[in-house]
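For reference, query.cif (mmCIF, C-alpha atoms):
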data_target
loop_
_atom_site.group_PDB
_atom_site.id
_atom_site.type_symbol
_atom_site.label_atom_id
_atom_site.label_comp_id
_atom_site.auth_asym_id
_atom_site.auth_seq_id
_atom_site.Cartn_x
_atom_site.Cartn_y
_atom_site.Cartn_z
ATOM 1 C CA MET A 1 97.381 60.985 51.792
ATOM 2 C CA ARG A 2 93.944 59.794 52.899
ATOM 3 C CA ASN A 3 95.395 56.445 54.019
ATOM 4 C CA PHE A 4 98.102 58.241 55.966
ATOM 5 C CA VAL A 5 95.507 60.340 57.826
ATOM 6 C CA CYS A 6 93.477 57.237 58.657
ATOM 7 C CA LEU A 7 96.550 55.429 59.974
ATOM 8 C CA PHE A 8 97.535 58.470 62.032
ATOM 9 C CA ILE A 9 94.070 58.656 63.626
ATOM 10 C CA ILE A 10 94.168 54.929 64.411
ATOM 11 C CA PHE A 11 97.612 55.407 65.966
ATOM 12 C CA LEU A 12 96.302 58.205 68.202
ATOM 13 C CA ILE A 13 93.360 56.125 69.311
ATOM 14 C CA HIS A 14 95.644 53.247 70.213
ATOM 15 C CA GLN A 15 97.761 55.662 72.204
ATOM 16 C CA ALA A 16 94.730 56.724 74.261
ATOM 17 C CA HIS A 17 95.017 55.552 77.853
ATOM 18 C CA GLU A 18 93.536 55.989 81.286
ATOM 19 C CA SER A 19 95.029 59.166 82.689
ATOM 20 C CA ASP A 20 95.694 60.543 86.105
ATOM 21 C CA CYS A 21 95.017 64.015 84.669
ATOM 22 C CA VAL A 22 91.593 63.135 83.298
ATOM 23 C CA ARG A 23 89.591 61.350 85.964
ATOM 24 C CA LEU A 24 86.046 60.574 87.044
ATOM 25 C CA THR A 25 85.333 62.133 90.409
ATOM 26 C CA ASN A 26 81.822 60.697 90.832
ATOM 27 C CA MET A 27 79.524 58.337 88.975
ATOM 28 C CA THR A 28 76.143 57.181 90.221
ATOM 29 C CA ALA A 29 73.586 54.717 88.912
ATOM 30 C CA PRO A 30 70.954 52.824 90.906
ATOM 31 C CA PRO A 31 71.897 49.189 91.618
ATOM 32 C CA VAL A 32 68.176 48.335 91.421
ATOM 33 C CA GLN A 33 65.789 50.396 89.309
ATOM 34 C CA ASP A 34 61.998 50.104 89.301
ATOM 35 C CA PRO A 35 60.760 50.050 85.669
ATOM 36 C CA ARG A 36 57.737 52.111 86.752
ATOM 37 C CA SER A 37 60.057 55.088 87.393
ATOM 38 C CA GLU A 38 62.638 57.076 85.435
ATOM 39 C CA MET A 39 66.325 56.233 85.871
ATOM 40 C CA ARG A 40 68.952 58.906 86.476
ATOM 41 C CA LEU A 41 72.603 58.451 85.542
ATOM 42 C CA HIS A 42 75.244 60.879 86.810
ATOM 43 C CA CYS A 43 78.853 61.292 85.728
ATOM 44 C CA GLN A 44 81.190 63.975 87.082
ATOM 45 C CA PHE A 45 84.810 64.391 85.992
ATOM 46 C CA ASP A 46 87.938 66.511 86.334
ATOM 47 C CA MET A 47 89.781 67.365 83.085
ATOM 48 C CA ASP A 48 92.691 69.100 84.853
ATOM 49 C CA ASP A 49 94.495 71.024 82.065
ATOM 50 C CA GLU A 50 92.988 68.975 79.255
ATOM 51 C CA GLN A 51 90.103 70.037 77.024
ATOM 52 C CA LEU A 52 86.996 67.873 76.951
ATOM 53 C CA TYR A 53 86.535 66.093 73.654
ATOM 54 C CA ALA A 54 83.531 63.853 74.366
ATOM 55 C CA VAL A 55 81.442 62.121 77.015
ATOM 56 C CA LYS A 56 80.102 58.755 75.908
ATOM 57 C CA TRP A 57 77.624 56.475 77.640
ATOM 58 C CA TYR A 58 77.462 52.726 77.009
ATOM 59 C CA LYS A 59 75.238 49.854 78.053
ATOM 60 C CA ASP A 60 76.974 46.493 77.831
ATOM 61 C CA ASP A 61 79.641 48.093 75.578
ATOM 62 C CA HIS A 62 77.047 49.495 73.163
ATOM 63 C CA GLU A 63 77.190 53.297 72.885
ATOM 64 C CA PHE A 64 73.791 54.936 73.295
ATOM 65 C CA PHE A 65 74.675 58.590 74.029
ATOM 66 C CA ARG A 66 77.439 61.027 73.124
ATOM 67 C CA TYR A 67 78.117 64.617 74.151
ATOM 68 C CA THR A 68 80.706 66.668 72.228
ATOM 69 C CA PRO A 69 80.872 70.302 73.397
ATOM 70 C CA THR A 70 82.556 71.505 70.181
ATOM 71 C CA GLY A 71 80.452 69.516 67.729
ATOM 72 C CA GLN A 72 77.683 70.869 65.536
ATOM 73 C CA GLN A 73 75.230 68.493 67.241
ATOM 74 C CA ARG A 74 76.312 68.415 70.841
ATOM 75 C CA MET A 75 74.094 65.554 72.055
ATOM 76 C CA VAL A 76 73.541 62.443 69.928
ATOM 77 C CA THR A 77 71.663 59.255 70.835
ATOM 78 C CA PHE A 78 72.116 55.810 69.304
ATOM 79 C CA PRO A 79 69.569 52.963 69.277
ATOM 80 C CA VAL A 80 70.245 50.366 71.974
ATOM 81 C CA SER A 81 67.652 47.852 73.181
ATOM 82 C CA GLY A 82 66.036 48.878 76.493
ATOM 83 C CA VAL A 83 67.564 52.387 76.512
ATOM 84 C CA GLU A 84 65.635 55.576 75.784
ATOM 85 C CA VAL A 85 67.159 58.944 76.700
ATOM 86 C CA ASP A 86 64.934 61.902 77.517
ATOM 87 C CA SER A 87 66.958 64.597 75.718
ATOM 88 C CA HIS A 88 64.872 67.413 77.191
ATOM 89 C CA LYS A 89 65.823 66.435 80.753
ATOM 90 C CA THR A 90 69.423 65.459 80.016
ATOM 91 C CA ARG A 91 72.157 67.997 80.795
ATOM 92 C CA CYS A 92 75.860 67.825 80.021
ATOM 93 C CA VAL A 93 78.477 70.549 80.640
ATOM 94 C CA LYS A 94 82.272 70.802 80.838
ATOM 95 C CA ASP A 95 82.611 68.811 84.070
ATOM 96 C CA ARG A 96 79.489 66.627 84.349
ATOM 97 C CA CYS A 97 76.857 64.768 82.366
ATOM 98 C CA ASP A 98 73.443 63.810 83.780
ATOM 99 C CA LEU A 99 71.110 61.519 81.842
ATOM 100 C CA LEU A 100 67.464 60.638 82.327
ATOM 101 C CA LEU A 101 66.291 57.289 80.934
ATOM 102 C CA ILE A 102 62.579 56.637 80.394
ATOM 103 C CA ASN A 103 60.301 53.761 79.336
ATOM 104 C CA LEU A 104 62.469 51.138 81.008
ATOM 105 C CA LYS A 105 61.886 47.484 80.166
ATOM 106 C CA ARG A 106 62.624 44.265 81.987
ATOM 107 C CA PRO A 107 65.081 42.695 81.428
ATOM 108 C CA GLN A 108 66.277 44.701 78.396
ATOM 109 C CA SER A 109 67.156 47.816 80.419
ATOM 110 C CA SER A 110 69.320 45.874 82.888
ATOM 111 C CA GLY A 111 73.055 45.831 82.276
ATOM 112 C CA ALA A 112 76.437 47.469 82.795
ATOM 113 C CA TYR A 113 76.289 51.248 82.295
ATOM 114 C CA ARG A 114 79.600 52.967 81.556
ATOM 115 C CA CYS A 115 80.521 56.644 81.416
ATOM 116 C CA GLU A 116 83.639 57.371 79.355
ATOM 117 C CA VAL A 117 85.349 60.773 79.178
ATOM 118 C CA SER A 118 88.055 61.650 76.650
ATOM 119 C CA SER A 119 90.260 64.678 76.098
ATOM 120 C CA GLU A 120 91.064 66.495 72.871
ATOM 121 C CA ALA A 121 93.890 65.561 70.501
ATOM 122 C CA PRO A 122 96.720 64.876 70.512
ATOM 123 C CA GLU A 123 96.552 63.070 73.857
ATOM 124 C CA PHE A 124 93.058 61.521 73.691
ATOM 125 C CA LYS A 125 93.299 60.646 77.372
ATOM 126 C CA LEU A 126 90.470 58.535 78.786
ATOM 127 C CA ALA A 127 88.726 58.025 82.097
ATOM 128 C CA SER A 128 85.726 55.759 82.653
ATOM 129 C CA GLY A 129 83.536 54.140 85.291
ATOM 130 C CA THR A 130 80.955 51.342 85.216
ATOM 131 C CA HIS A 131 77.933 50.463 87.352
ATOM 132 C CA ASN A 132 75.693 47.430 87.058
ATOM 133 C CA VAL A 133 71.962 48.137 87.088
ATOM 134 C CA THR A 134 69.204 45.556 87.566
ATOM 135 C CA VAL A 135 65.727 46.626 86.525
ATOM 136 C CA ALA A 136 63.172 44.959 88.812
ATOM 137 C CA ALA A 137 59.819 45.765 90.394
ATOM 138 C CA LEU A 138 60.237 44.834 94.043
ATOM 139 C CA PRO A 139 57.233 44.191 96.324
ATOM 140 C CA LYS A 140 56.136 47.321 98.158
ATOM 141 C CA GLU A 141 54.675 45.519 101.176
ATOM 142 C CA PRO A 142 55.964 42.723 103.472
ATOM 143 C CA PRO A 143 54.605 39.179 103.173
ATOM 144 C CA MET A 144 51.465 38.155 105.075
ATOM 145 C CA ILE A 145 51.182 35.120 107.385
ATOM 146 C CA GLU A 146 47.705 33.602 107.732
ATOM 147 C CA ASN A 147 45.940 30.681 109.487
ATOM 148 C CA LEU A 148 48.467 30.441 112.321
ATOM 149 C CA LYS A 149 46.884 29.723 115.718
ATOM 150 C CA LYS A 150 48.143 31.220 118.937
ATOM 151 C CA THR A 151 48.378 27.872 120.757
ATOM 152 C CA TYR A 152 49.114 24.304 119.698
ATOM 153 C CA ALA A 153 49.418 21.072 121.679
ATOM 154 C CA LEU A 154 51.795 18.209 121.067
ATOM 155 C CA ASP A 155 50.603 15.974 118.210
ATOM 156 C CA ASP A 156 48.648 18.851 116.638
ATOM 157 C CA THR A 157 49.270 19.869 113.020
ATOM 158 C CA LEU A 158 50.514 23.384 112.360
ATOM 159 C CA LEU A 159 49.046 24.695 109.111
ATOM 160 C CA ALA A 160 49.958 28.217 107.972
ATOM 161 C CA THR A 161 50.359 30.142 104.719
ATOM 162 C CA CYS A 162 52.503 33.089 103.655
ATOM 163 C CA THR A 163 51.745 35.365 100.702
ATOM 164 C CA SER A 164 54.196 37.845 99.185
ATOM 165 C CA GLY A 165 53.499 41.210 97.622
ATOM 166 C CA PHE A 166 53.432 41.601 93.842
ATOM 167 C CA GLY A 167 56.776 41.810 92.051
ATOM 168 C CA ASP A 168 58.660 41.234 88.814
ATOM 169 C CA PRO A 169 60.536 38.944 88.958
ATOM 170 C CA LYS A 170 58.256 36.819 91.122
ATOM 171 C CA PRO A 171 59.340 36.994 94.803
ATOM 172 C CA THR A 172 60.803 34.019 96.671
ATOM 173 C CA LEU A 173 59.435 33.027 100.109
ATOM 174 C CA LYS A 174 60.976 31.010 102.939
ATOM 175 C CA PHE A 175 59.633 29.907 106.335
ATOM 176 C CA PHE A 176 61.720 29.940 109.525
ATOM 177 C CA ILE A 177 60.842 28.677 113.008
ATOM 178 C CA ASN A 178 63.062 30.115 115.725
ATOM 179 C CA LYS A 179 65.602 31.172 113.047
ATOM 180 C CA GLN A 180 65.814 27.656 111.573
ATOM 181 C CA GLN A 181 64.653 27.357 107.978
ATOM 182 C CA VAL A 182 61.793 24.937 107.360
ATOM 183 C CA LEU A 183 62.539 22.853 104.270
ATOM 184 C CA ASN A 184 60.609 20.574 101.936
ATOM 185 C CA PRO A 185 58.497 18.467 102.136
ATOM 186 C CA LEU A 186 56.967 20.515 104.977
ATOM 187 C CA VAL A 187 56.654 23.578 102.710
ATOM 188 C CA ARG A 188 54.999 23.630 99.298
ATOM 189 C CA ASP A 189 54.283 26.318 96.728
ATOM 190 C CA ILE A 190 50.583 27.077 96.242
ATOM 191 C CA SER A 191 51.030 30.310 94.275
ATOM 192 C CA PRO A 192 47.915 31.609 92.499
ATOM 193 C CA GLU A 193 47.953 32.124 88.747
ATOM 194 C CA GLU A 194 46.758 35.717 89.062
ATOM 195 C CA VAL A 195 48.738 38.430 87.289
ATOM 196 C CA HIS A 196 48.650 42.153 88.074
ATOM 197 C CA ARG A 197 49.335 44.122 84.893
ATOM 198 C CA ASP A 198 50.775 47.614 85.090
ATOM 199 C CA LEU A 199 49.748 48.939 81.682
ATOM 200 C CA ALA A 200 51.617 52.234 82.063
ATOM 201 C CA ALA A 201 54.945 50.485 82.689
ATOM 202 C CA GLY A 202 54.162 47.508 80.450
ATOM 203 C CA ILE A 203 55.039 44.928 83.115
ATOM 204 C CA GLU A 204 53.308 41.938 84.687
ATOM 205 C CA LEU A 205 53.549 41.490 88.456
ATOM 206 C CA ARG A 206 53.129 38.170 90.240
ATOM 207 C CA ARG A 207 53.097 37.031 93.858
ATOM 208 C CA THR A 208 54.144 33.871 95.654
ATOM 209 C CA LYS A 209 52.171 31.855 98.207
ATOM 210 C CA ILE A 210 53.589 28.969 100.229
ATOM 211 C CA GLN A 211 52.014 26.631 102.778
ATOM 212 C CA LEU A 212 53.595 25.099 105.871
ATOM 213 C CA ARG A 213 52.158 21.824 107.166
ATOM 214 C CA MET A 214 54.001 20.312 110.122
ATOM 215 C CA HIS A 215 53.087 17.666 112.697
ATOM 216 C CA LEU A 216 54.168 18.959 116.090
ATOM 217 C CA ASP A 217 55.866 16.316 118.193
ATOM 218 C CA ARG A 218 59.038 16.127 120.233
ATOM 219 C CA ARG A 219 61.115 15.381 117.168
ATOM 220 C CA HIS A 220 60.580 18.929 115.931
ATOM 221 C CA ASN A 221 63.057 20.771 118.122
ATOM 222 C CA SER A 222 62.578 24.068 116.259
ATOM 223 C CA ALA A 223 59.366 24.688 118.214
ATOM 224 C CA SER A 224 60.002 25.128 121.934
ATOM 225 C CA ILE A 225 57.579 23.318 124.250
ATOM 226 C CA ASN A 226 55.705 25.409 126.831
ATOM 227 C CA SER A 227 57.206 28.689 125.574
ATOM 228 C CA LEU A 228 56.737 31.167 122.745
ATOM 229 C CA SER A 229 58.005 30.136 119.315
ATOM 230 C CA ASN A 230 58.529 32.475 116.380
ATOM 231 C CA LEU A 231 57.318 31.750 112.846
ATOM 232 C CA THR A 232 58.943 34.023 110.274
ATOM 233 C CA CYS A 233 58.309 34.422 106.558
ATOM 234 C CA VAL A 234 61.035 36.085 104.474
ATOM 235 C CA SER A 235 60.475 37.530 100.995
ATOM 236 C CA THR A 236 63.460 38.032 98.661
ATOM 237 C CA THR A 237 64.102 38.505 94.950
ATOM 238 C CA ASP A 238 66.415 36.014 93.269
ATOM 239 C CA GLY A 239 69.572 37.462 91.770
ATOM 240 C CA LEU A 240 69.621 40.581 93.952
ATOM 241 C CA ASP A 241 72.010 41.159 96.823
ATOM 242 C CA ARG A 242 70.434 41.759 100.230
ATOM 243 C CA GLU A 243 72.267 45.082 100.552
ATOM 244 C CA VAL A 244 70.575 46.557 97.483
ATOM 245 C CA ALA A 245 67.245 44.745 97.924
ATOM 246 C CA PRO A 246 66.728 44.097 101.671
ATOM 247 C CA PRO A 247 64.443 41.141 102.464
ATOM 248 C CA LEU A 248 60.886 41.835 103.585
ATOM 249 C CA ILE A 249 59.945 39.999 106.794
ATOM 250 C CA ALA A 250 56.749 39.032 108.608
ATOM 251 C CA SER A 251 56.740 37.323 112.025
ATOM 252 C CA ARG A 252 54.110 35.729 114.242
ATOM 253 C CA THR A 253 54.387 33.884 117.571
ATOM 254 C CA PHE A 254 52.701 30.742 118.836
ATOM 255 C CA THR A 255 52.941 28.495 121.897
ATOM 256 C CA LEU A 256 53.416 24.736 121.808
ATOM 257 C CA ILE A 257 52.154 23.163 125.055
ATOM 258 C CA ASP A 258 52.568 19.695 126.526
ATOM 259 C CA HIS A 259 49.388 17.804 127.516
ATOM 260 C CA ASN A 260 51.142 16.847 130.756
ATOM 261 C CA HIS A 261 51.966 20.386 131.818
ATOM 262 C CA VAL A 262 52.574 20.919 135.555
ATOM 263 C CA ILE A 263 51.073 23.870 137.419
ATOM 264 C CA ASN A 264 51.621 24.404 141.151
ATOM 265 C CA ASN A 265 53.022 20.884 141.442
ATOM 266 C CA GLU A 266 49.647 19.400 140.417
ATOM 267 C CA LYS A 267 49.366 17.565 137.151
ATOM 268 C CA TYR A 268 46.524 18.064 134.729
ATOM 269 C CA THR A 269 45.902 16.859 131.207
ATOM 270 C CA PHE A 270 43.464 17.707 128.469
ATOM 271 C CA SER A 271 41.279 14.999 127.030
ATOM 272 C CA ARG A 272 40.669 14.836 123.284
ATOM 273 C CA SER A 273 37.310 16.509 123.883
ATOM 274 C CA GLY A 274 39.088 19.439 125.504
ATOM 275 C CA THR A 275 37.823 18.792 129.098
ATOM 276 C CA LEU A 276 40.199 19.036 132.010
ATOM 277 C CA GLN A 277 41.195 15.696 133.590
ATOM 278 C CA LEU A 278 42.437 16.031 137.210
ATOM 279 C CA SER A 279 45.181 13.881 138.681
ATOM 280 C CA SER A 280 44.136 10.997 140.963
ATOM 281 C CA GLY A 281 45.568 12.701 144.077
ATOM 282 C CA LEU A 282 43.518 15.842 143.514
ATOM 283 C CA ILE A 283 40.360 13.765 142.857
ATOM 284 C CA THR A 284 40.798 12.079 146.281
ATOM 285 C CA ILE A 285 41.057 15.461 148.019
ATOM 286 C CA VAL A 286 37.961 16.813 146.276
ATOM 287 C CA ALA A 287 35.942 13.659 147.152
ATOM 288 C CA ALA A 288 36.898 13.880 150.829
ATOM 289 C CA PHE A 289 35.902 17.545 150.971
ATOM 290 C CA ASN A 290 32.499 16.780 149.450
ATOM 291 C CA TYR A 291 31.901 13.888 151.936
ATOM 292 C CA TYR A 292 32.696 16.176 154.867
ATOM 293 C CA ALA A 293 30.244 18.792 153.545
ATOM 294 C CA LEU A 294 27.432 16.218 153.445
ATOM 295 C CA LEU A 295 28.009 15.244 157.080
ATOM 296 C CA GLN A 296 27.453 18.862 158.061
#
Represent the structure of the file as structure tokens.
Amino acid sequence: MRNFVCLFIIFLIHQAHESDCVRLTNMTAPPVQDPRSEMRLHCQFDMDDEQLYAVKWYKDDHEFFRYTPTGQQRMVTFPVSGVEVDSHKTRCVKDRCDLLLINLKRPQSSGAYRCEVSSEAPEFKLASGTHNVTVAALPKEPPMIENLKKTYALDDTLLATCTSGFGDPKPTLKFFINKQQVLNPLVRDISPEEVHRDLAAGIELRRTKIQLRMHLDRRHNSASINSLSNLTCVSTTDGLDREVAPPLIASRTFTLIDHNHVINNEKYTFSRSGTLQLSSGLITIVAAFNYYALLQ
């Protein structure tokens, strides 16, 4: 008789299926969650004419929470790495179940979170939804560009640095000049070894620093001669989509001038010492004017 009951229960479970009558109407979970904060999970469902048997929560197919409205112990938690439910701030009723997770860890708390709702026997109808959550501490401030001058001349060397905010994982930086990415070997990583420890959250935050060193000549078409050019530094976090973790951007402008710039149809150049050298035609005019003044 006991074997028959076990086989019958297994048969009913196998007959369980996703139902149009039992359905999830809303499920929310943050795509990116800061480990320094609590994480809220929300699951709302419509049982139609069915009776709720249980609401189960999983992370990566491992059950960590169960709510059974007719059970002796309505809410039960199960040990899963990176998941800790605050039972005092968790609330489940006949049509919704809201969880609060605390003490998040990176990367253990990241994963696929699933809410599964089932109806009472004999149907055991199921409805479920899944959201992927990445636990990461994103920088709270944009990157900072330093050492960039306002004006450069042809054959000068542009030397600038960009430093990101603190994050975990460590942020990634890229330089752009007039929307064109500047690639190696012009850019190198000079990140400091410093670590900012958040003892309360139990995480270590790091920042990235890169340096741009570029000789400015006519071969570098990304910098426009005799007009404003834009140097941009973009901070992103690897593995995260731009929609859920928008890039942080810093921009500065500079001007690249030609030594042989023309003003008012008269040519002038700058010597290496920085003094102004006049064209030969203008020198002749100035000399004649001075000679006439002496005659007076």
Quick one: which residues end up in the PyMOL selection byres ((chain A and resi 252) around 12) for this structure, as a list in words?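 Against this file, the PyMOL selection byres ((chain A and resi 252) around 12) returns the residues Pro143, Met144, Ile145, Glu146, Asn147, Leu148, Lys149, Lys150, Thr151, Ala160, Thr161, Cys162, Phe175, Phe176, Ile177, Asn178, Leu228, Ser229, Asn230, Leu231, Thr232, Cys233, Val234, Ile249, Ala250, Ser251, Thr253, Phe254 and Thr255 of chain A.
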Which residues of range 129-202 of chain A come within 6 Å of range 33-43 of chain A, and for each one, what is the closest pair of atoms and their distance in Å to one decimal, counting only C-alpha atoms, sorted by chain and residue number, as JSON lines?
{"residue": "A:Val135", "atom": "CA", "partner": "A:Gln33", "partner_atom": "CA", "distance": 4.7}
{"residue": "A:Ala136", "atom": "CA", "partner": "A:Asp34", "partner_atom": "CA", "distance": 5.3}
{"residue": "A:Ala137", "atom": "CA", "partner": "A:Asp34", "partner_atom": "CA", "distance": 5.0}
{"residue": "A:Ala201", "atom": "CA", "partner": "A:Arg36", "partner_atom": "CA", "distance": 5.2}
Just want the 9 Å neighbourhood of Asp238 in chain A, counted on all atoms listed in the file, with same-chain residues fewer than 4 positions away dropped. Output as a VMD selection string. chain A and resid 169 to 172
Find, counting all atoms listed in the file, the residue in A:Val32, A:Ala153, A:Val55, A:Ile257 that gets nearest to Arg96 in chain A.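 Among the listed residues, A:Val55 lies closest to Arg96 in chain A.
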What separation in Å, quoted to one decimal, exists between CA of Asp61 in chain A and CA of Pro246 in chain A?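 The value is 29.4 Å.
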Could you tell me how far CA of Asn184 in chain A lies from CA of Ile210 in chain A, in Å and to one decimal?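 Spanning CA of Asn184 in chain A to CA of Ile210 in chain A is a straight-line distance of 11.1 Å.
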To one decimal place, how far is CA of His196 in chain A from CA of Val182 in chain A in Å? 29.0 Å
Just want the 7 Å neighbourhood of Arg66 in chain A, counted on only C-alpha atoms, with same-chain residues fewer than 4 positions away dropped. Output as a PyMOL selection string. chain A and resi 54-57+75-77
Could the residues in this selection be saved with C-alpha atoms as a short mmCIF file (atom, residue, chain, number, x, y, z; two decimals), in the coordinates of the input?
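In the end it all went to again-v3.cif:
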data_model
loop_
_atom_site.label_atom_id
_atom_site.label_comp_id
_atom_site.auth_asym_id
_atom_site.auth_seq_id
_atom_site.Cartn_x
_atom_site.Cartn_y
_atom_site.Cartn_z
CA ALA A 54 83.53 63.85 74.37
CA VAL A 55 81.44 62.12 77.02
CA LYS A 56 80.10 58.76 75.91
CA TRP A 57 77.62 56.48 77.64
CA MET A 75 74.09 65.55 72.06
CA VAL A 76 73.54 62.44 69.93
CA THR A 77 71.66 59.26 70.83
#
Nearest to Glu116 in chain A by atom-to-atom distance, counting all atoms listed in the file, from A:Lys179, A:Arg242, A:His62, A:Lys174: A:His62
For Cys97 in chain A, the nearest of the candidates A:Ser164, A:Ser109, A:Gln72, A:Thr28, counting only C-alpha atoms: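 Going through A:Ser164, A:Ser109, A:Gln72, A:Thr28 one by one, the smallest distance to Cys97 in chain A is for A:Thr28.
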Which of these, A:Lys94, A:Asp60, A:Lys209, A:Tyr152, has the shortest distance to Asp258 in chain A once you count all atoms listed in the file? A:Tyr152
Name the closest residue to Glu194 in chain A among the candidates A:Arg207, A:Ser81, A:Leu154, A:Gln44; distances are taken between atoms, counting all atoms listed in the file.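 The answer is A:Arg207, which sits nearest to Glu194 in chain A.
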I need the residue nearest Ala127 in chain A from this list: A:Leu52, A:Val85, A:Ile190, A:Ile225. Use only C-alpha atoms for the distance.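 The answer is A:Leu52, which sits nearest to Ala127 in chain A.
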Could range 122-136 of chain A be written out with N, CA and C atoms, as an mmCIF file, in the first residue's frame, please?
data_model
loop_
_atom_site.group_PDB
_atom_site.id
_atom_site.type_symbol
_atom_site.label_atom_id
_atom_site.label_comp_id
_atom_site.auth_asym_id
_atom_site.auth_seq_id
_atom_site.Cartn_x
_atom_site.Cartn_y
_atom_site.Cartn_z
ATOM 1 N N PRO A 122 -6.038 17.661 -7.049
ATOM 2 C CA PRO A 122 -5.229 16.674 -7.786
ATOM 3 C C PRO A 122 -4.511 17.224 -9.004
ATOM 4 N N GLU A 123 -4.695 18.522 -9.305
ATOM 5 C CA GLU A 123 -4.147 19.070 -10.537
ATOM 6 C C GLU A 123 -2.636 19.358 -10.437
ATOM 7 N N PHE A 124 -2.225 19.944 -9.311
ATOM 8 C CA PHE A 124 -0.825 20.356 -9.139
ATOM 9 C C PHE A 124 -0.344 21.202 -10.336
ATOM 10 N N LYS A 125 -1.147 22.178 -10.696
ATOM 11 C CA LYS A 125 -0.769 23.043 -11.812
ATOM 12 C C LYS A 125 0.339 24.004 -11.378
ATOM 13 N N LEU A 126 1.211 24.333 -12.317
ATOM 14 C CA LEU A 126 2.392 25.148 -12.014
ATOM 15 C C LEU A 126 2.441 26.407 -12.866
ATOM 16 N N ALA A 127 3.028 27.428 -12.306
ATOM 17 C CA ALA A 127 3.381 28.642 -13.047
ATOM 18 C C ALA A 127 4.679 29.158 -12.442
ATOM 19 N N SER A 128 5.594 29.642 -13.278
ATOM 20 C CA SER A 128 6.882 30.092 -12.754
ATOM 21 C C SER A 128 7.460 31.199 -13.621
ATOM 22 N N GLY A 129 8.387 31.928 -13.043
ATOM 23 C CA GLY A 129 9.108 32.993 -13.755
ATOM 24 C C GLY A 129 10.513 33.087 -13.204
ATOM 25 N N THR A 130 11.457 33.524 -14.044
ATOM 26 C CA THR A 130 12.870 33.578 -13.668
ATOM 27 C C THR A 130 13.472 34.909 -14.060
ATOM 28 N N HIS A 131 14.308 35.457 -13.179
ATOM 29 C CA HIS A 131 15.069 36.676 -13.465
ATOM 30 C C HIS A 131 16.517 36.459 -13.061
ATOM 31 N N ASN A 132 17.421 36.908 -13.919
ATOM 32 C CA ASN A 132 18.844 36.848 -13.598
ATOM 33 C C ASN A 132 19.260 38.088 -12.822
ATOM 34 N N VAL A 133 20.020 37.887 -11.763
ATOM 35 C CA VAL A 133 20.486 38.966 -10.908
ATOM 36 C C VAL A 133 22.016 38.902 -10.823
ATOM 37 N N THR A 134 22.663 40.034 -11.070
ATOM 38 C CA THR A 134 24.105 40.150 -10.897
ATOM 39 C C THR A 134 24.379 41.061 -9.719
ATOM 40 N N VAL A 135 25.087 40.548 -8.741
ATOM 41 C CA VAL A 135 25.453 41.345 -7.569
ATOM 42 C C VAL A 135 26.789 42.026 -7.855
ATOM 43 N N ALA A 136 26.778 43.356 -7.859
ATOM 44 C CA ALA A 136 27.980 44.134 -8.177
ATOM 45 C C ALA A 136 27.883 45.500 -7.517
#
